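Printed here is entry.cif (mmCIF, C-alpha atoms and all ligand atoms):
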```cif
data_model
#
loop_
_atom_site.label_atom_id
_atom_site.label_comp_id
_atom_site.auth_asym_id
_atom_site.auth_seq_id
_atom_site.Cartn_x
_atom_site.Cartn_y
_atom_site.Cartn_z
CA MET A 1401 0.00 0.00 0.00
CA ALA A 1402 1.29 3.43 -0.89
CA VAL A 1403 0.59 5.96 1.87
CA VAL A 1404 0.27 9.36 0.23
CA GLY A 1405 -0.84 12.82 1.26
CA LEU A 1406 0.13 16.43 1.56
CA THR A 1407 3.00 17.22 3.89
CA ASN A 1408 2.15 17.09 7.62
CA ALA A 1409 -1.05 15.11 7.04
CA GLY A 1410 0.29 12.45 9.40
CA ARG A 1411 1.63 9.73 7.11
CA SER A 1412 4.64 9.08 9.33
CA SER A 1413 2.47 9.11 12.45
CA LEU A 1414 0.10 6.59 10.89
CA LEU A 1415 3.01 4.27 10.02
CA ARG A 1416 4.36 4.62 13.54
CA ALA A 1417 0.94 3.82 14.97
CA VAL A 1418 0.17 0.70 12.94
CA THR A 1419 3.49 -0.74 11.70
CA ASN A 1420 6.81 -1.80 13.14
CA SER A 1421 8.55 1.06 11.38
CA GLN A 1422 10.31 3.77 13.36
CA VAL A 1423 9.79 6.56 10.90
CA GLU A 1424 10.55 10.12 11.80
CA VAL A 1425 7.61 12.25 12.80
CA ALA A 1426 8.30 15.93 12.47
CA SER A 1427 6.19 19.03 12.80
CA TRP A 1428 8.12 20.79 10.04
CA PRO A 1429 7.11 20.29 6.45
CA PHE A 1430 8.78 17.89 4.02
CA ALA A 1431 10.40 15.76 6.73
CA THR A 1432 9.79 12.58 4.71
CA ARG A 1433 11.95 12.61 1.63
CA LYS A 1434 12.49 8.93 0.96
CA PRO A 1435 9.85 6.22 0.69
CA THR A 1436 9.78 4.45 4.05
CA PRO A 1437 8.23 1.00 4.44
CA GLY A 1438 6.63 -0.66 7.45
CA MET A 1439 4.69 -3.87 7.98
CA LEU A 1440 1.17 -3.93 9.38
CA PRO A 1441 0.31 -7.36 10.82
CA TYR A 1442 -3.31 -8.41 10.42
CA LYS A 1443 -4.68 -11.90 11.09
CA ASP A 1444 -1.87 -14.14 9.81
CA ILE A 1445 -0.71 -11.85 7.01
CA GLN A 1446 1.19 -8.59 6.73
CA PHE A 1447 0.45 -5.50 4.70
CA GLN A 1448 3.40 -3.50 3.54
CA LEU A 1449 2.75 0.21 3.94
CA VAL A 1450 5.15 2.57 2.20
CA GLU A 1451 5.17 6.21 3.15
CA ALA A 1452 5.60 8.26 0.00
CA PRO A 1453 7.20 11.69 0.00
CA PRO A 1454 4.55 14.41 0.15
CA ILE A 1455 2.32 15.21 -2.77
CA VAL A 1456 2.33 18.86 -3.82
CA GLU A 1457 0.45 20.83 -6.42
CA GLY A 1458 2.25 19.87 -9.60
CA SER A 1459 3.48 16.43 -8.47
CA SER A 1460 1.98 15.00 -11.64
CA GLU A 1461 4.27 17.31 -13.62
CA GLY A 1462 7.29 16.18 -11.67
CA ARG A 1463 7.45 18.90 -9.03
CA SER A 1464 9.15 17.98 -5.74
CA ASP A 1465 9.99 14.35 -6.67
CA GLY A 1466 6.46 14.04 -8.02
CA PHE A 1467 7.27 11.30 -10.51
CA GLN A 1468 8.78 9.16 -7.77
CA VAL A 1469 5.78 9.68 -5.49
CA LEU A 1470 3.30 8.85 -8.21
CA SER A 1471 5.15 5.81 -9.53
CA LEU A 1472 5.08 4.47 -5.99
CA ALA A 1473 1.30 4.80 -6.02
CA ARG A 1474 1.07 3.32 -9.52
CA ASN A 1475 3.08 0.24 -8.54
CA ALA A 1476 1.26 -0.44 -5.27
CA ASP A 1477 -1.72 -2.81 -4.89
CA GLY A 1478 -3.69 -0.02 -3.28
CA ILE A 1479 -3.45 3.52 -1.97
CA ILE A 1480 -4.06 5.13 1.41
CA ILE A 1481 -4.63 8.89 1.18
CA VAL A 1482 -4.04 10.62 4.51
CA VAL A 1483 -5.68 14.01 5.03
CA ASP A 1484 -5.34 16.39 7.97
CA LEU A 1485 -8.71 17.16 9.56
CA THR A 1486 -7.35 20.42 10.99
CA ASP A 1487 -6.47 21.69 7.52
CA ASP A 1488 -8.97 22.00 4.65
CA PRO A 1489 -9.39 18.22 4.48
CA GLY A 1490 -11.97 18.15 1.68
CA GLY A 1491 -9.87 20.45 -0.46
CA ASP A 1492 -6.68 18.54 0.36
CA LEU A 1493 -8.30 15.27 -0.65
CA LEU A 1494 -9.42 16.70 -3.98
CA ALA A 1495 -5.91 18.05 -4.56
CA VAL A 1496 -4.32 14.63 -3.96
CA VAL A 1497 -6.89 12.77 -6.06
CA GLY A 1498 -6.36 15.42 -8.76
CA GLU A 1499 -2.61 14.76 -8.91
CA LEU A 1500 -3.20 11.01 -9.03
CA GLU A 1501 -5.76 11.35 -11.80
CA ALA A 1502 -3.56 13.72 -13.77
CA SER A 1503 -1.03 10.89 -13.94
CA ARG A 1504 -3.81 8.42 -14.80
CA ILE A 1505 -3.93 6.63 -11.47
CA LEU A 1506 -7.65 6.15 -10.94
CA THR A 1507 -9.03 5.78 -7.43
CA VAL A 1508 -12.49 4.81 -8.66
CA GLU A 1509 -12.96 1.94 -11.09
CA PRO A 1510 -14.26 3.18 -14.45
CA GLU A 1511 -17.82 2.06 -15.15
CA GLY A 1512 -17.16 1.51 -18.80
CA GLU A 1513 -14.71 -0.03 -21.19
CA ILE A 1514 -13.87 0.63 -24.81
CA LYS A 1515 -12.05 -1.74 -27.11
CA ILE A 1516 -10.47 -0.27 -30.21
CA THR A 1517 -9.42 -2.62 -32.98
CA ARG A 1518 -7.53 -0.64 -35.60
CA ARG A 1519 -7.79 -1.61 -39.23
CA GLY A 1520 -5.12 -1.01 -41.81
CA HIS A 1521 -7.52 -0.19 -44.62
CA GLY A 1522 -10.68 1.82 -45.20
CA SER A 1523 -11.71 5.02 -43.54
CA ASP A 1524 -14.62 4.43 -41.27
CA ILE A 1525 -15.18 4.02 -37.56
CA GLN A 1526 -17.69 1.32 -36.78
CA PHE A 1527 -19.31 1.13 -33.35
CA ILE A 1528 -20.60 -1.95 -31.56
CA TRP A 1529 -22.90 -0.92 -28.72
CA ASP A 1530 -22.92 -2.91 -25.44
CA GLY A 1531 -23.23 0.31 -23.48
CA THR A 1532 -23.47 4.08 -23.80
CA LEU A 1533 -21.27 7.13 -24.16
CA VAL A 1534 -21.44 9.53 -21.21
CA ASP A 1535 -21.03 13.30 -21.65
CA CYS A 1536 -19.92 12.87 -25.25
CA THR A 1537 -21.22 11.81 -28.67
CA PRO A 1538 -19.90 9.33 -31.25
CA GLU A 1539 -18.76 12.39 -33.25
CA ASP A 1540 -16.60 13.51 -30.27
CA VAL A 1541 -15.00 10.08 -30.17
CA ILE A 1542 -14.36 10.11 -33.92
CA ALA A 1543 -12.87 13.62 -33.63
CA LEU A 1544 -10.53 12.39 -30.90
CA PHE A 1545 -9.54 9.41 -33.03
CA ARG A 1546 -8.75 11.74 -35.92
CA GLU A 1547 -6.39 13.73 -33.65
CA TYR A 1548 -4.48 10.52 -33.09
CA LYS A 1549 -4.62 9.54 -36.76
CA ILE A 1550 -7.01 6.65 -36.24
CA ARG A 1551 -9.19 6.63 -39.35
CA SER A 1552 -10.40 3.06 -39.53
CA ALA A 1553 -11.33 1.00 -36.51
CA LEU A 1554 -13.86 -1.29 -34.94
CA VAL A 1555 -14.95 0.18 -31.59
CA ARG A 1556 -16.78 -1.76 -28.91
CA ILE A 1557 -18.46 0.29 -26.14
CA ARG A 1558 -19.20 -1.54 -22.87
CA GLY A 1559 -20.89 0.02 -19.84
CA ARG A 1560 -20.73 3.78 -19.35
CA VAL A 1561 -17.87 5.22 -21.38
CA THR A 1562 -16.56 8.79 -20.96
CA LEU A 1563 -14.10 10.57 -23.25
CA ASP A 1564 -11.42 9.98 -20.56
CA VAL A 1565 -12.00 6.25 -20.85
CA VAL A 1566 -11.58 6.52 -24.64
CA GLU A 1567 -8.30 8.38 -24.27
CA ASP A 1568 -7.02 5.93 -21.64
CA ALA A 1569 -7.78 3.06 -23.99
CA MET A 1570 -5.68 4.65 -26.72
CA PHE A 1571 -2.69 5.24 -24.47
CA GLY A 1572 -3.13 2.15 -22.32
CA ASN A 1573 -1.47 3.77 -19.31
CA ALA A 1574 -4.36 4.23 -16.89
CA VAL A 1575 -4.46 2.03 -13.81
CA TYR A 1576 -7.13 1.60 -11.17
CA ARG A 1577 -5.92 1.29 -7.58
CA PRO A 1578 -8.34 0.60 -4.71
CA THR A 1579 -8.08 3.59 -2.39
CA LEU A 1580 -8.91 4.27 1.25
CA VAL A 1581 -9.08 7.77 2.71
CA VAL A 1582 -7.72 8.11 6.25
CA ALA A 1583 -8.91 11.36 7.83
CA ASN A 1584 -6.34 11.96 10.55
CA LYS A 1585 -6.07 14.13 13.70
CA LEU A 1586 -9.61 13.37 14.77
CA ASP A 1587 -8.59 14.47 18.28
CA LEU A 1588 -8.21 18.05 17.00
CA ALA A 1589 -11.01 18.10 14.42
CA VAL A 1590 -13.65 20.80 14.49
CA GLU A 1591 -17.30 20.06 13.79
CA GLY A 1592 -18.02 19.37 10.15
CA ALA A 1593 -14.44 18.43 9.23
CA VAL A 1594 -15.13 14.72 8.80
CA GLU A 1595 -18.30 15.49 6.83
CA SER A 1596 -16.33 17.68 4.44
CA VAL A 1597 -13.96 14.77 3.73
CA ILE A 1598 -16.86 12.39 3.19
CA ALA A 1599 -18.44 14.85 0.76
CA ALA A 1600 -15.19 15.23 -1.18
CA ALA A 1601 -14.51 11.47 -1.13
CA GLY A 1602 -17.52 10.59 -3.28
CA ARG A 1603 -17.44 6.82 -3.62
CA LEU A 1604 -14.19 6.38 -1.66
CA GLU A 1605 -14.43 5.02 1.87
CA VAL A 1606 -13.32 7.36 4.68
CA LEU A 1607 -11.83 6.18 7.96
CA ALA A 1608 -11.54 8.92 10.59
CA VAL A 1609 -8.70 8.29 13.07
CA SER A 1610 -6.19 9.85 15.37
CA ALA A 1611 -2.69 8.52 14.80
CA GLU A 1612 -1.80 9.83 18.25
CA GLU A 1613 -4.35 7.47 19.80
CA PRO A 1614 -3.41 4.20 18.12
CA GLU A 1615 -5.50 1.88 20.35
CA GLY A 1616 -7.24 -0.63 18.08
CA LEU A 1617 -6.12 1.17 14.93
CA ARG A 1618 -4.12 -1.77 13.55
CA GLU A 1619 -7.15 -4.02 13.66
CA ILE A 1620 -9.49 -1.46 12.07
CA LEU A 1621 -7.10 -0.44 9.31
CA GLY A 1622 -6.10 -4.06 8.68
CA SER A 1623 -9.71 -5.15 8.25
CA LYS A 1624 -10.46 -2.22 5.91
CA LEU A 1625 -7.48 -3.07 3.70
CA PHE A 1626 -8.30 -6.77 3.71
CA GLU A 1627 -11.83 -5.97 2.55
CA MET A 1628 -10.83 -3.30 0.06
CA LEU A 1629 -8.18 -5.40 -1.67
CA GLY A 1630 -10.49 -8.42 -1.78
CA ILE A 1631 -7.94 -10.68 -0.17
CA ILE A 1632 -8.35 -14.37 0.54
CA ARG A 1633 -6.00 -16.74 2.36
CA VAL A 1634 -5.63 -20.33 1.27
CA TYR A 1635 -3.69 -23.02 3.13
CA THR A 1636 -2.10 -25.90 1.28
CA LYS A 1637 -2.01 -29.35 2.82
CA GLN A 1638 0.06 -32.37 1.92
CA PRO A 1639 -1.53 -35.80 2.42
CA GLY A 1640 -1.07 -37.05 5.98
CA LYS A 1641 0.23 -33.72 7.22
CA GLU A 1642 -1.21 -30.67 8.92
CA ALA A 1643 -2.22 -27.71 6.74
CA ALA A 1644 0.48 -25.10 6.14
CA VAL A 1645 0.70 -22.40 8.78
CA GLU A 1646 1.56 -19.69 6.26
CA PRO A 1647 -1.29 -18.93 3.91
CA ILE A 1648 -1.05 -18.23 0.23
CA VAL A 1649 -2.44 -14.73 -0.16
CA ALA A 1650 -4.52 -14.07 -3.25
CA ARG A 1651 -7.46 -12.10 -4.58
CA ARG A 1652 -11.12 -13.09 -4.38
CA GLY A 1653 -12.14 -15.29 -7.30
CA LEU A 1654 -9.02 -17.51 -7.14
CA LYS A 1655 -9.66 -20.90 -8.72
CA VAL A 1656 -8.03 -24.21 -7.85
CA GLY A 1657 -6.37 -24.03 -11.28
CA ASP A 1658 -4.82 -20.62 -10.49
CA LEU A 1659 -3.53 -22.01 -7.22
CA ALA A 1660 -1.99 -25.05 -8.92
CA LYS A 1661 -0.23 -22.74 -11.40
CA THR A 1662 1.08 -20.54 -8.58
CA ILE A 1663 2.56 -23.51 -6.79
CA HIS A 1664 4.16 -25.19 -9.80
CA SER A 1665 3.40 -25.31 -13.51
CA ASP A 1666 3.86 -29.10 -13.28
CA PHE A 1667 1.09 -29.33 -10.72
CA TYR A 1668 -1.22 -27.61 -13.15
CA LYS A 1669 -0.29 -29.83 -16.11
CA ARG A 1670 -0.56 -33.08 -14.17
CA PHE A 1671 -3.56 -32.04 -12.07
CA LYS A 1672 -6.09 -34.78 -11.27
CA TYR A 1673 -8.28 -33.31 -8.54
CA ALA A 1674 -8.13 -31.27 -5.35
CA LYS A 1675 -9.57 -31.96 -1.92
CA ILE A 1676 -10.84 -29.01 0.04
CA TRP A 1677 -11.85 -28.22 3.60
CA GLY A 1678 -13.31 -24.97 4.87
CA PRO A 1679 -15.70 -22.22 3.74
CA SER A 1680 -15.92 -23.13 0.03
CA ALA A 1681 -16.31 -26.88 0.65
CA LYS A 1682 -19.81 -28.35 0.59
CA PHE A 1683 -18.52 -30.96 3.00
CA GLU A 1684 -15.12 -31.79 4.50
CA SER A 1685 -12.62 -33.25 2.07
CA GLU A 1686 -14.79 -32.48 -0.96
CA ARG A 1687 -13.24 -33.35 -4.32
CA VAL A 1688 -13.20 -30.47 -6.81
CA GLY A 1689 -11.73 -29.59 -10.20
CA LEU A 1690 -9.63 -26.78 -11.65
CA SER A 1691 -12.52 -24.34 -12.00
CA HIS A 1692 -13.62 -24.46 -8.35
CA ILE A 1693 -13.54 -20.98 -6.78
CA LEU A 1694 -11.76 -20.86 -3.43
CA ALA A 1695 -12.73 -18.80 -0.39
CA ASP A 1696 -10.86 -17.16 2.48
CA GLY A 1697 -9.76 -19.80 4.97
CA ASP A 1698 -9.89 -22.80 2.64
CA VAL A 1699 -7.48 -25.71 3.05
CA VAL A 1700 -6.49 -27.29 -0.26
CA GLN A 1701 -4.79 -30.56 -1.12
CA LEU A 1702 -3.72 -30.89 -4.75
CA HIS A 1703 -3.48 -34.32 -6.33
CA ALA A 1704 -1.46 -34.86 -9.48
N1 LIG B 1 -2.97 15.94 17.52
C1 LIG B 1 -2.53 15.14 16.54
N2 LIG B 1 -1.39 15.41 15.91
C2 LIG B 1 -0.96 14.58 14.93
C3 LIG B 1 -1.72 13.42 14.57
N3 LIG B 1 -1.05 12.80 13.58
C4 LIG B 1 0.05 13.52 13.32
N4 LIG B 1 0.12 14.60 14.14
C5 LIG B 1 1.16 15.63 14.14
O1 LIG B 1 1.20 16.24 12.85
C6 LIG B 1 2.55 16.56 12.50
C7 LIG B 1 2.92 15.91 11.17
O2 LIG B 1 2.90 14.53 11.31
P1 LIG B 1 3.73 13.55 10.37
O3 LIG B 1 3.31 12.19 10.72
O4 LIG B 1 5.19 13.86 10.43
O5 LIG B 1 3.15 13.99 8.94
P2 LIG B 1 3.66 13.57 7.46
O6 LIG B 1 4.37 14.75 6.91
O7 LIG B 1 2.42 13.29 6.68
O8 LIG B 1 4.53 12.36 7.60
C8 LIG B 1 3.43 16.07 13.67
O9 LIG B 1 3.69 17.16 14.51
C9 LIG B 1 2.54 15.05 14.36
O10 LIG B 1 2.83 14.94 15.73
C10 LIG B 1 -2.94 13.15 15.29
O11 LIG B 1 -3.67 12.18 15.04
N5 LIG B 1 -3.29 14.04 16.25
MG MG B 2 6.41 11.95 7.10
#
```
Target encoding structure tokens, full file:
Amino acid sequence: MAVVGLTNAGRSSLLRAVTNSQVEVASWPFATRKPTPGMLPYKDIQFQLVEAPPIVEGSSEGRSDGFQVLSLARNADGIIIVVDLTDDPGGDLLAVVGELEASRILTVEPEGEIKITRRGHGSDIQFIWDGTLVDCTPEDVIALFREYKIRSALVRIRGRVTLDVVEDAMFGNAVYRPTLVVANKLDLAVEGAVESVIAAAGRLEVLAVSAEEPEGLREILGSKLFEMLGIIRVYTKQPGKEAAVEPIVARRGLKVGDLAKTIHSDFYKRFKYAKIWGPSAKFESERVGLSHILADGDVVQLHA
């Protein structure tokens, strides 16, 4: 997880409160210059939190190590945005989200998808409609294509597609990162501060905390991240032995086949069946195939 925010929001304090890291907390601005990692233990797994240097206006154009900060966010599994409730937290949140978006790091999953298949010949744009265009017309899309010298293409529209989605599809550099907003310094917050963050956050979830009062914070933050990232833990088991203590950590939707591939390509090729125990099993020691979808807490025995 990349922990980002404006300077003094409390990124270092949050890491100190919930991880093993001894990062420097300072009341002067720009104390954190280098990305600093820490591990947050939750259940039997660990989340790596990395404090990014502060975001400033213009980070997305490279100001104040902006490219480094934003590539950290781009390469993380998810993002935590820390805002200071004693500042203008709603405005600060919009500023941070604005810098992320300007570098095509999306904090909200786009509702639509466009697939552009370019053709070497002809000069027409053909649409296939499995959805709608939002805030733009087919002519706008064709005009945009023309700017990028796309004259002949087959275009499939799925869901709700904005002009931003069209542009992202052409460049292929937009990424979506699940994002949690941590509204910090709750102990000093004035009335209405949390509400202003919630209003600015739109569809993002807001967790109001005080990093100076870390009681129970690990557990709360851990459970939010677990949920947000859609994590499941699966335990492998060899015949006649106890299940592994260390889980394999994966995303919701993991199939037995994916698991077999993760463990060894040979396992996948020579796969016969799997036996499962736990939440996704209809009964203990159920036999399942490659397409069975696993759940958090499952124990799996692969047979090849
Ligand atoms: N009262 C209060 N002060 C905080 C809290 N979190 C951080 N601070 C203070 O805010 C200042 C900046 O914190 P720091 O963690 O260094 O911010 P960073 O620049 O985002 O890493 C420091 O003086 C902290 O002691 C909090 O929850 N409550
Ligand atoms: Mg810091």
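Of note, atom O8 of ligand LIG 1 (chain B) and atom CA of A:Gly1410 are spaced 4.6 Å apart.
Between atom CA of A:Ile1693 and atom CA of A:Ile1479 lies a distance of 26.9 Å.
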Non-local contacts of stretch 1458-1475 of chain A (6 Å; all atoms listed in the file; under 6 positions in same chain excluded) as an MDAnalysis selection string: chainID A and resid 1402 1452 1499 1503
Might I get the box with edges along x, y and z of the file that holds all atoms of ligand LIG 1 (chain B) listed there, padded by 6 Å on every side, given as centre and edge lengths in Å to one decimal, as AutoDock Vina command-line options?
```
--center_x 0.8 --center_y 14.7 --center_z 12.1 --size_x 20.9 --size_y 17.0 --size_z 22.8
```
Can you tell me which residues surround A:Leu1617 at a distance of at most 12 Å, considering all atoms listed in the file, apart from same-chain residues fewer than 2 positions away, and format the answer as a list of chain:residue names? A:Ser1413, A:Leu1414, A:Leu1415, A:Arg1416, A:Ala1417, A:Val1418, A:Thr1419, A:Leu1440, A:Pro1441, A:Tyr1442, A:Val1582, A:Asn1584, A:Leu1607, A:Ala1608, A:Val1609, A:Ser1610, A:Ala1611, A:Glu1612, A:Glu1613, A:Pro1614, A:Glu1615, A:Glu1619, A:Ile1620, A:Leu1621, A:Gly1622, A:Ser1623, A:Lys1624
For the residues in the current selection, export C-alpha atoms as a CSV table (one decimal), keeping the file's coordinate frame.
```csv
chain,number,residue,atom,x,y,z
A,1413,SER,CA,2.5,9.1,12.4
A,1414,LEU,CA,0.1,6.6,10.9
A,1415,LEU,CA,3.0,4.3,10.0
A,1416,ARG,CA,4.4,4.6,13.5
A,1417,ALA,CA,0.9,3.8,15.0
A,1418,VAL,CA,0.2,0.7,12.9
A,1419,THR,CA,3.5,-0.7,11.7
A,1440,LEU,CA,1.2,-3.9,9.4
A,1441,PRO,CA,0.3,-7.4,10.8
A,1442,TYR,CA,-3.3,-8.4,10.4
A,1582,VAL,CA,-7.7,8.1,6.2
A,1584,ASN,CA,-6.3,12.0,10.6
A,1607,LEU,CA,-11.8,6.2,8.0
A,1608,ALA,CA,-11.5,8.9,10.6
A,1609,VAL,CA,-8.7,8.3,13.1
A,1610,SER,CA,-6.2,9.8,15.4
A,1611,ALA,CA,-2.7,8.5,14.8
A,1612,GLU,CA,-1.8,9.8,18.2
A,1613,GLU,CA,-4.4,7.5,19.8
A,1614,PRO,CA,-3.4,4.2,18.1
A,1615,GLU,CA,-5.5,1.9,20.4
A,1619,GLU,CA,-7.2,-4.0,13.7
A,1620,ILE,CA,-9.5,-1.5,12.1
A,1621,LEU,CA,-7.1,-0.4,9.3
A,1622,GLY,CA,-6.1,-4.1,8.7
A,1623,SER,CA,-9.7,-5.2,8.2
A,1624,LYS,CA,-10.5,-2.2,5.9
```
Considering all atoms listed in the file, return as a list of chain:residue names whatever protein or nucleic-acid residues lie within 12 Å of A:Glu1646, sequence-local ones (same chain, fewer than 4 positions apart) excluded. A:Lys1443, A:Asp1444, A:Ile1445, A:Gln1446, A:Arg1633, A:Val1634, A:Tyr1635, A:Thr1636, A:Lys1637, A:Glu1642, A:Gly1697, A:Val1699
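Distance check against A:Ile1676 using all atoms listed in the file: of A:Gly1522, A:Gly1653, A:Pro1639, A:Gly1592, the minimum falls on A:Pro1639.
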Please report the interatomic distance between atom CA of A:Ala1569 and atom CA of A:Met1401 in Å with one decimal. 25.4 Å
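Around A:Glu1595, within 10 Å and counting only C-alpha atoms, the residues found are Pro1489, Gly1490, Ala1601 and Val1606 of chain A, once anything fewer than 6 positions away on its own chain is removed.
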Taking C-alpha atoms for each residue, export the selection above as a compact mmCIF listing (two decimals), in the frame of the given file.
```
# COMPACT_ATOMS: atom_id res chain seq x y z
CA PRO A 1489 -9.39 18.22 4.48
CA GLY A 1490 -11.97 18.15 1.68
CA ALA A 1601 -14.51 11.47 -1.13
CA VAL A 1606 -13.32 7.36 4.68
```
For A:Phe1571, list every protein, DNA or RNA residue within 12 Å, evaluated using all atoms listed in the file, and leave out those in the same chain fewer than 3 positions away; present the list as a VMD selection string. chain A and resid 1504 1515 to 1516 1545 1548 1564 to 1568 1574 to 1575
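Of the listed residues A:Val1508, A:Leu1690, A:Ile1480, A:Ile1631, the one whose atoms come nearest to ligand LIG 1 (chain B) is A:Ile1480, with distances taken using only C-alpha atoms and all ligand atoms.
Of the residues under consideration (A:Asp1484, A:Asp1524, A:Glu1451, A:Glu1547), A:Glu1451 shows the shortest atom-to-atom contact distance to ligand MG 2 (chain B) when counting only C-alpha atoms and all ligand atoms.
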Quick one: residues within 8 Å of (-14.9, -23.0, 5.1) (file frame), counting all atoms listed in the file, please, as number ranges by chain. A: 1677-1681, 1695-1698
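With only C-alpha atoms as the basis for measurement, A:Thr1562 is the residue among A:Thr1562, A:Gly1602, A:Val1496, A:His1521 that approaches A:Thr1537 most closely.
Nearest-residue note for A:Pro1453: choosing from A:Gly1438, A:Gly1405, A:Gly1491, A:Gly1498, the minimum distance belongs to A:Gly1405, counting only C-alpha atoms.
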So which one's closest to A:Ile1557, A:Ile1514, A:Ile1542, A:Val1590, A:Leu1625? Using all atoms listed in the file, please. A:Ile1514
